[in-house]
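Asker: The following block contains the structure, expressed as structure tokens.
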Amino acid sequence: MHMMLITTDRKLALGARLSGMATEQVDEVHPANEAWHEALDDPELGALFVSGELAEELSEEIATLRERESLPLVYVLPAEKEE
């Protein structure tokens with residue numbers, strides 16, 4: 001089993017990659033919904049981390065997955081507070 005992060009945050013993506021975590025950085029070209037479905041196609045995925053701003057966009061998909069499946073575990077990372 002492995003972990004993956006889906007985010008729009010470049011710094012968060014870099015940190016995750018440096019720690020060895022599979023990371024999908026999304027933008028307008030590669031939408032979050034597409035990255036979400038690609039991640040779920042991986043049978044070895046044990047934990048999926050989603051950054052806060054994308055969790056809002058994917059809220060229905062996250063709720064459905066949590067209701068129907070035990071894996072992967074989905075963790076929503078809070079959005080970074082702006083200074």
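In the structure tokens, each chain is lettered A, B, ... as it comes, each chain's residues begin at 1, and ligands are numbered from 1 in order of appearance.
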Name the residues of region 13-48 of chain A that fall into helix (DSSP H, G or I) according to DSSP on the backbone, using the chain letters and numbers of this document, as a list in words.

Answerer: Ala13, Leu14, Gly15, Ala16, Arg17, Leu18, Ala32, Asn33, Glu34, Ala35, Trp36, His37, Glu38, Ala39 and Leu40 of chain A

Asker: Suppose you want the space between CA of Gly15 (chain A) and CA of Thr64 (chain A); what is it in Å?

Answerer: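 One can read the CA of Gly15 (chain A) to CA of Thr64 (chain A) distance as 28.6 Å.
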
Asker: Can you tell me how far CA of Glu57 (chain A) sits from CA of Leu40 (chain A), in Å to one decimal?

Answerer: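 Taking CA of Glu57 (chain A) as the start and CA of Leu40 (chain A) as the end point, the length is 16.4 Å.
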
Asker: Chain A: which residues are strand (DSSP E or B) by DSSP, as an MDAnalysis selection string?

Answerer: chainID A and resid 2:7 22:25 45:51 73:77

Asker: Could you give me, as a PyMOL selection string, the residues within 7 Å of Val76 (chain A), counting only C-alpha atoms and dropping anything in the same chain fewer than 3 positions from it?

Answerer: chain A and resi 49-52+55

Asker: When you count only C-alpha atoms, which of these residues is closest to Leu5 (chain A): A:Arg66, A:Leu48, A:Leu54, A:Asn33?

Answerer: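 For Leu5 (chain A), the nearest of the given residues is A:Leu48.
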